[in-house]
>>> print(open('target-v5.cif').read())   # mmCIF, C-alpha atoms
data_final
#
loop_
_atom_site.label_atom_id
_atom_site.label_comp_id
_atom_site.auth_asym_id
_atom_site.auth_seq_id
_atom_site.Cartn_x
_atom_site.Cartn_y
_atom_site.Cartn_z
CA MET B 1 0.00 0.00 0.00
CA ALA B 2 1.65 3.21 -1.11
CA ASN B 3 1.91 6.30 1.04
CA MET B 4 0.57 4.67 4.14
CA SER B 5 2.58 6.92 6.46
CA ASP B 6 2.00 10.54 7.22
CA GLN B 7 4.54 12.40 5.12
CA THR B 8 5.37 14.81 7.90
CA TRP B 9 6.35 11.88 10.06
CA VAL B 10 8.46 10.36 7.28
CA ASN B 11 10.25 13.66 6.82
CA TRP B 12 10.92 13.86 10.51
CA LEU B 13 12.34 10.34 10.62
CA LEU B 14 14.60 10.87 7.63
CA THR B 15 15.84 14.13 9.05
CA ALA B 16 16.43 12.55 12.46
CA PHE B 17 18.39 9.70 10.89
CA PHE B 18 20.61 11.55 8.51
CA THR B 19 21.15 15.15 9.57
CA SER B 20 22.60 14.82 13.05
CA SER B 21 26.29 15.51 13.58
CA THR B 22 26.27 13.73 16.91
CA THR B 23 25.31 10.27 18.04
CA VAL B 24 21.59 9.58 18.04
CA THR B 25 20.03 6.86 20.16
CA PHE B 26 16.62 5.34 19.59
CA THR B 27 15.35 3.30 22.49
CA PRO B 28 12.46 0.99 21.67
CA GLY B 29 9.81 -0.02 24.13
CA THR B 30 9.16 -3.40 25.69
CA SER B 31 10.04 -6.29 23.38
CA GLY B 32 11.57 -3.83 20.94
CA GLY B 33 15.09 -5.08 21.48
CA SER B 34 18.14 -3.07 22.39
CA ALA B 35 18.64 0.60 21.64
CA ARG B 36 19.81 1.54 18.17
CA ILE B 37 22.64 4.03 18.00
CA ILE B 38 23.41 6.03 14.89
CA THR B 39 27.00 7.24 14.79
CA PRO B 40 27.80 10.06 12.37
CA PRO B 41 29.55 10.98 10.26
CA PHE B 42 28.08 8.84 7.54
CA HIS B 43 30.45 7.48 4.95
CA LEU B 44 29.84 7.03 1.26
CA ARG B 45 31.25 3.73 0.06
CA LEU B 46 31.77 2.71 -3.53
CA ASP B 47 31.01 -0.85 -4.64
CA THR B 48 32.41 -3.09 -7.30
CA ALA B 49 29.38 -5.38 -6.96
CA GLN B 50 26.04 -4.19 -5.68
CA GLY B 51 24.64 -5.63 -2.50
CA SER B 52 20.99 -6.09 -1.66
CA ASN B 53 18.64 -4.93 1.03
CA THR B 54 19.82 -7.84 3.16
CA SER B 55 23.51 -8.19 2.35
CA ALA B 56 26.31 -5.73 1.94
CA ALA B 57 27.97 -5.00 -1.37
CA THR B 58 31.49 -5.81 -2.41
CA GLU B 59 33.27 -2.62 -1.55
CA ALA B 60 35.92 -1.13 -3.78
CA THR B 61 39.47 -1.32 -2.50
CA SER B 62 42.62 0.69 -2.91
CA GLY B 63 43.80 -2.22 -5.04
CA ASN B 64 41.06 -2.29 -7.68
CA CYS B 65 40.29 1.41 -7.40
CA PRO B 66 43.59 3.18 -6.62
CA GLY B 67 42.89 6.40 -4.76
CA TYR B 68 39.88 4.94 -2.98
CA THR B 69 40.20 4.00 0.68
CA ALA B 70 38.26 1.16 2.25
CA LEU B 71 35.25 2.21 4.37
CA GLY B 72 34.63 5.15 2.10
CA SER B 73 34.72 8.90 2.65
CA SER B 74 32.74 11.15 4.93
CA LEU B 75 29.53 12.75 3.77
CA GLY B 76 30.30 15.51 6.23
CA SER B 77 28.42 16.99 9.13
CA SER B 78 24.74 16.89 8.40
CA ALA B 79 25.19 14.31 5.71
CA PHE B 80 21.78 15.03 4.26
CA ALA B 81 19.61 18.09 4.05
CA ALA B 82 16.31 18.18 5.88
CA ALA B 83 13.84 15.89 4.18
CA SER B 84 10.98 17.14 2.09
CA GLY B 85 8.34 15.13 0.33
CA GLY B 86 9.77 12.00 1.89
CA GLN B 87 13.14 12.59 0.26
CA ALA B 88 16.49 13.95 1.35
CA THR B 89 19.65 14.69 -0.62
CA ASN B 90 23.29 14.83 0.39
CA ASN B 91 24.53 18.11 1.81
CA ASN B 92 28.19 17.85 0.86
CA ALA B 93 30.23 16.81 -2.13
CA VAL B 94 32.45 13.75 -1.91
CA SER B 95 35.27 13.06 -4.31
CA TRP B 96 38.21 10.81 -4.94
CA SER B 97 41.29 11.33 -7.09
CA ALA B 98 42.17 8.19 -8.97
CA THR B 99 45.80 7.17 -8.95
CA GLY B 100 45.34 4.25 -11.34
CA THR B 101 42.75 2.41 -13.39
CA TRP B 102 39.50 1.65 -11.59
CA THR B 103 37.18 -1.30 -11.73
CA THR B 104 33.63 -0.32 -12.70
CA ILE B 105 31.53 1.11 -9.87
CA PRO B 106 27.86 0.14 -10.26
CA SER B 107 26.50 1.15 -6.87
CA ILE B 108 27.04 2.86 -3.54
CA GLU B 109 26.27 2.32 0.10
CA ILE B 110 26.01 4.65 3.06
CA TRP B 111 27.30 3.49 6.42
CA ASP B 112 27.81 5.16 9.76
CA THR B 113 31.13 5.23 11.55
CA ALA B 114 30.43 3.20 14.67
CA ALA B 115 33.22 0.94 15.91
CA THR B 116 31.37 -1.71 13.97
CA PRO B 117 29.85 0.40 11.20
CA ILE B 118 26.19 -0.04 10.36
CA ARG B 119 24.88 0.02 6.83
CA TYR B 120 21.86 2.25 6.20
CA LEU B 121 21.38 2.77 2.49
CA GLN B 122 22.35 0.97 -0.68
CA GLY B 123 21.50 1.28 -4.32
CA ALA B 124 22.61 1.38 -7.93
CA LEU B 125 24.06 4.46 -9.52
CA THR B 126 22.01 6.09 -12.22
CA SER B 127 24.94 5.19 -14.48
CA SER B 128 27.87 3.01 -13.51
CA ILE B 129 31.16 4.82 -13.16
CA THR B 130 33.43 3.21 -15.68
CA GLY B 131 36.64 4.12 -17.44
CA VAL B 132 38.30 5.90 -14.54
CA SER B 133 42.06 6.07 -14.81
CA ASN B 134 45.00 7.81 -13.24
CA GLY B 135 44.42 11.51 -12.76
CA ASP B 136 40.66 11.35 -13.04
CA THR B 137 38.29 12.62 -10.39
CA VAL B 138 35.21 10.75 -9.21
CA GLN B 139 32.77 13.08 -7.59
CA PHE B 140 29.33 13.03 -6.01
CA ALA B 141 28.12 16.60 -6.06
CA VAL B 142 25.83 18.17 -3.50
CA GLY B 143 22.34 16.85 -4.12
CA SER B 144 23.48 13.96 -6.29
CA ILE B 145 22.41 11.28 -3.82
CA THR B 146 18.73 11.09 -3.00
CA CYS B 147 17.26 9.02 -0.22
CA ASN B 148 13.66 8.41 -1.21
CA ALA B 149 11.39 7.20 1.54
CA SER B 150 8.20 8.55 0.07
CA SER B 151 6.72 5.07 -0.15
CA TRP B 152 6.88 4.51 3.61
CA MET N 1 30.97 12.93 -18.40
CA LEU N 2 32.56 16.28 -17.89
CA ILE N 3 36.08 16.72 -19.12
CA ARG N 4 38.56 19.51 -19.23
CA CYS N 5 41.66 19.83 -21.34
CA LYS N 6 44.67 19.53 -19.07
CA THR N 7 46.00 22.78 -20.39
CA GLY N 8 42.90 24.58 -19.24
CA GLY N 9 39.69 25.68 -20.82
CA GLU N 10 36.08 25.17 -20.09
CA MET N 11 34.45 22.00 -18.89
CA ILE N 12 32.50 20.24 -21.58
CA ASP N 13 30.02 17.41 -21.36
CA VAL N 14 30.99 14.49 -23.58
CA ALA N 15 28.95 11.34 -23.92
CA GLU N 16 30.78 8.12 -23.18
CA GLY N 17 32.54 6.84 -26.26
CA GLN N 18 32.39 10.17 -28.01
CA ASP N 19 35.50 11.95 -29.22
CA PRO N 20 35.71 15.12 -27.15
CA HIS N 21 36.90 17.07 -30.15
CA THR N 22 33.66 16.42 -31.93
CA ALA N 23 31.89 17.90 -28.94
CA LEU N 24 33.85 21.09 -29.33
CA ASP N 25 33.63 23.61 -32.03
CA ALA N 26 36.86 24.90 -33.43
CA THR N 27 37.06 27.59 -30.80
CA GLY N 28 35.80 25.54 -27.92
CA CYS N 29 39.21 24.33 -26.79
CA SER N 30 41.53 26.87 -25.34
CA HIS N 31 44.51 24.65 -25.94
CA CYS N 32 43.97 24.40 -29.64
CA LYS N 33 42.62 27.80 -30.41
CA ASP N 34 45.30 29.85 -28.76
CA GLY N 35 48.13 28.58 -30.91
CA HIS N 36 50.51 28.32 -28.02
CA GLY N 37 52.89 25.72 -29.27
CA LEU N 38 52.90 22.02 -29.75
CA ASP N 39 49.83 20.05 -29.05
CA VAL N 40 50.43 17.92 -26.00
CA HIS N 41 49.26 14.66 -27.48
CA CYS N 42 50.14 14.54 -31.14
CA GLY N 43 53.13 16.85 -31.27
CA GLN N 44 51.57 18.92 -33.97
CA THR N 45 51.48 22.64 -33.84
CA ALA N 46 48.30 24.22 -32.68
CA SER N 47 47.43 25.21 -36.18
CA ALA N 48 47.42 21.52 -37.07
CA CYS N 49 45.21 20.63 -34.14
CA PRO N 50 43.47 17.25 -34.39
CA ARG N 51 40.28 19.24 -34.63
CA THR N 52 41.17 19.42 -38.27
CA HIS N 53 40.76 15.71 -38.79
CA PRO N 54 37.72 13.56 -38.07
CA GLY N 55 37.44 10.76 -35.60
CA PRO N 56 38.96 10.09 -32.22
CA CYS N 57 42.32 11.19 -31.03
CA TRP N 58 44.61 8.20 -31.33
CA ASN N 59 48.04 9.56 -30.77
CA PRO N 60 49.30 8.41 -28.40
CA PRO N 61 46.57 6.17 -26.96
CA ASP N 62 48.56 5.55 -23.85
CA VAL N 63 45.41 4.67 -21.94
CA PRO N 64 43.64 2.46 -24.49
CA GLY N 65 40.81 1.69 -22.11
CA ARG N 66 39.61 5.24 -22.13
CA PRO N 67 36.16 5.49 -23.66
CA ASP N 68 37.24 8.30 -25.92
CA GLY N 69 40.74 6.97 -26.60
CA CYS N 70 42.08 10.44 -26.01
CA THR N 71 44.84 11.53 -23.72
CA VAL N 72 44.71 15.26 -24.08
CA CYS N 73 41.63 15.95 -22.04
CA ARG N 74 42.75 15.34 -18.49
CA PRO N 75 41.60 14.95 -15.86
CA VAL N 76 38.24 13.44 -16.50
CA LEU N 77 35.56 14.18 -13.95
CA PHE N 78 33.13 11.35 -13.37
CA MET N 79 29.95 12.48 -11.68
CA GLY N 80 28.15 9.93 -9.55
CA ASN N 81 24.40 10.06 -9.14
CA ALA N 82 21.98 7.80 -7.32
CA THR N 83 18.49 7.61 -5.90
CA LEU N 84 18.34 5.20 -3.01
CA VAL N 85 14.77 4.11 -2.55
CA THR N 86 14.00 2.84 0.90
CA GLU N 87 11.45 0.10 1.17
CA VAL N 88 9.41 -1.33 3.98
CA ALA N 89 9.66 -5.10 3.97
#
>>> encode(input="target-v5.cif", output="structure tokens")
Amino acid sequence: MANMSDQTWVNWLLTAFFTSSTTVTFTPGTSGGSARIITPPFHLRLDTAQGSNTSAATEATSGNCPGYTALGSSLGSSAFAAASGGQATNNNAVSWSATGTWTTIPSIEIWDTAATPIRYLQGALTSSITGVSNGDTVQFAVGSITCNASSW
Amino acid sequence: MLIRCKTGGEMIDVAEGQDPHTALDATGCSHCKDGHGLDVHCGQTASACPRTHPGPCWNPPDVPGRPDGCTVCRPVLFMGNATLVTEVA
């Protein structure tokens, strides 16, 4: 059933998840399990094979994508702008400078930076990044990553 | 993808696999139009810029995997873009 949630509430949740610059703790009620802690800053990770909603992707490495560092790069403080219409976009640009030839990047993931990082978002790029070689720049501009929760 | 000649000039948007020179008009490349010496990739003078011949730049294709086969337009800027749709299981 589409649009079953109040959009104002969805916006609030998205904003609560992805705009804080400090740790956020959600404590569920009885039988809700242990508290969930979100630990910013969020990192943007590049994949060489896309994951799914239940399993993580194969992350790029400094070996197959020279210039990339495992665990990705920070999306900055307030990773995303305040949500509107059930959607939020990244607040800061992220870029890498390639120092060699890269394997194709078909998808990305967004993780926090807890001691054991937690994965929050994953998905395919609009177009795979392919053909990167030494001296090139791979960049995600401000607003280039959209988190769409409008179907909640 | 957006590319810029390594000697300067404006950013231009070139479709993957397309010769960047065909995306420029004769005055679109500051390297070639200014006549400031040898072209960095073919060794020709600026007045003999590869813009004067059709097809991709092939000399020297030192990075043969490049979609445009060209080495003059460096660095290449790859812009990532994604919409991550969250779903409720």
>>> closest_residue(input="target-v5.cif", among="B:Asn53, B:Thr48, B:Thr137, B:Gln7", to="chain N", atoms="all atoms listed in the file")
B:Thr137
>>> resolve_selection(input="target-v5.cif", expression="the PyMOL selection byres ((chain B) within 6 of (chain N))", output="PyMOL selection string")
chain B and resi 123+125-126+131+135-140+144-149
>>> resolve_selection(input="target-v5.cif", expression="the PyMOL selection byres ((chain B and resi 89) around 6)", output="list in words")
Phe80, Ala81, Ala88, Asn90, Gly143, Ile145 and Thr146 of chain B
>>> atom_distance(input="target-v5.cif", atom1="atom CA of Thr69 of chain B", atom2="atom CA of Gly100 of chain B")
13.1 Å
>>> atom_distance(input="target-v5.cif", atom1="atom CA of Ser128 of chain B", atom2="atom CA of Ala79 of chain B")
22.5 Å
>>> resolve_selection(input="target-v5.cif", expression="the PyMOL selection byres ((chain B and resi 57) around 9)", output="PyMOL selection string")
chain B and resi 46-52+55-56+58-59+107-109+122
>>> atom_distance(input="target-v5.cif", atom1="atom CA of Ala16 of chain B", atom2="atom CA of Ala70 of chain B")
26.7 Å
>>> closest_residue(input="target-v5.cif", among="B:Thr103, B:Ser151, B:Thr116, B:Ser31", to="Ser133 of chain B", atoms="all atoms listed in the file")
B:Thr103
>>> closest_residue(input="target-v5.cif", among="B:Asn92, B:Thr99, B:Gln87, B:Thr113", to="Trp12 of chain B", atoms="all atoms listed in the file")
B:Gln87
